[in-house]
Amino acid sequence: MSEFLLYTGCLIPARFPQAESSARFILKALKADVADAEGLSCCPDPVMFRSASEDDWLTIAAANLAKAARQGKKLLTVCSGCYETFVDACFRLEDADVRAEVNKRLSRAGLGYDGGIEVVHFARFLEQNIDAVKKEIKGKVSLRAALFYGCHILKPFRLMKPDSLRFPRFLHPVAEVCGVELVEWDGSRCCGMGSSEADVGKALSGSVVSAAKEAGAEAVIVVCPFCFAGLEGVGQLPVLFLQQVVAVAMGAPKDVVGLALHRVKTEIEVREHVSA
């Protein structure tokens, strides 16, 4: 049984493989004890699917957690939406009555959830292993950026336990150890991708990018594929996954980082090489 079980979800493999390839490069560089999650389905998402049926949402999440518990100790998610689903589902399943009802449904598929799995967001994995990350840095990047946390890695506060809801800083050291100069701004607003109204979503995404530009950022760094989709769709600033920045600083090849796949083209310049 591996310590970490990598779960990439649906959106990243389908649309943003650069987020996955960069994460895998980092995991290999850090010599993490990780295996791929097998047999898991869509998480499912904590907004649209959950609003349609809370019971179905929790049952599917519990099925995934039950399968994961057989394969690893910690479920490592690359998507913030998946992270919120699994963290919240774990919390709800602590209630014995809720767990018993869900397990009745899971028993039809030969499954049962009894805990035993911890859920970790990849960005928080980087935060927790910042010293190991620092040792693998090959060069400092030249970039002035706005670090955008989004919603799902922060809320609900009682479960995600960030240092702050409006002005979070817990991931700042990960970007800064790579050489990034981070601007001061409100990086916790909604990207808009959870809205059922397209115009509302576009307006929210546009407001985030405008705020980043006003703060003097040359790019926006995100930790969620939904945020990436929404903010890059505005088309005014380059948008980067945090793991892409870390992978570049660790010396990852261009095809691994995958900047050529971005709609708003950019390069991440390495301005300073770190001696071994």
# chains A, B, ... in the order shown; residues from 1 in each chain; ligands from 1
call {"tool": "select_by_dssp", "arguments": {"residues": "stretch 145-211 of chain A", "states": "strand (DSSP E or B)", "output": "PyMOL selection string"}}
result
chain A and resi 145-148+181-182
call {"tool": "select_by_dssp", "arguments": {"residues": "stretch 103-257 of chain A", "states": "alpha helix (DSSP H)", "output": "number ranges by chain"}}
result
A: 103-106, 122-128, 130-135, 157-160, 172-177, 198-214, 225-232, 242-249, 254-257
call {"tool": "atom_distance", "arguments": {"atom1": "atom CA of A:Ala198", "atom2": "atom CA of A:Gly9"}}
result
23.4 Å
call {"tool": "closest_residue", "arguments": {"among": "A:Ala229, A:Cys190, A:Cys43, A:Met250", "to": "A:Ala132", "atoms": "only C-alpha atoms"}}
result
A:Met250
call {"tool": "closest_residue", "arguments": {"among": "A:Ala249, A:Ala61, A:Val47, A:Ile137", "to": "A:His152", "atoms": "only C-alpha atoms"}}
result
A:Val47
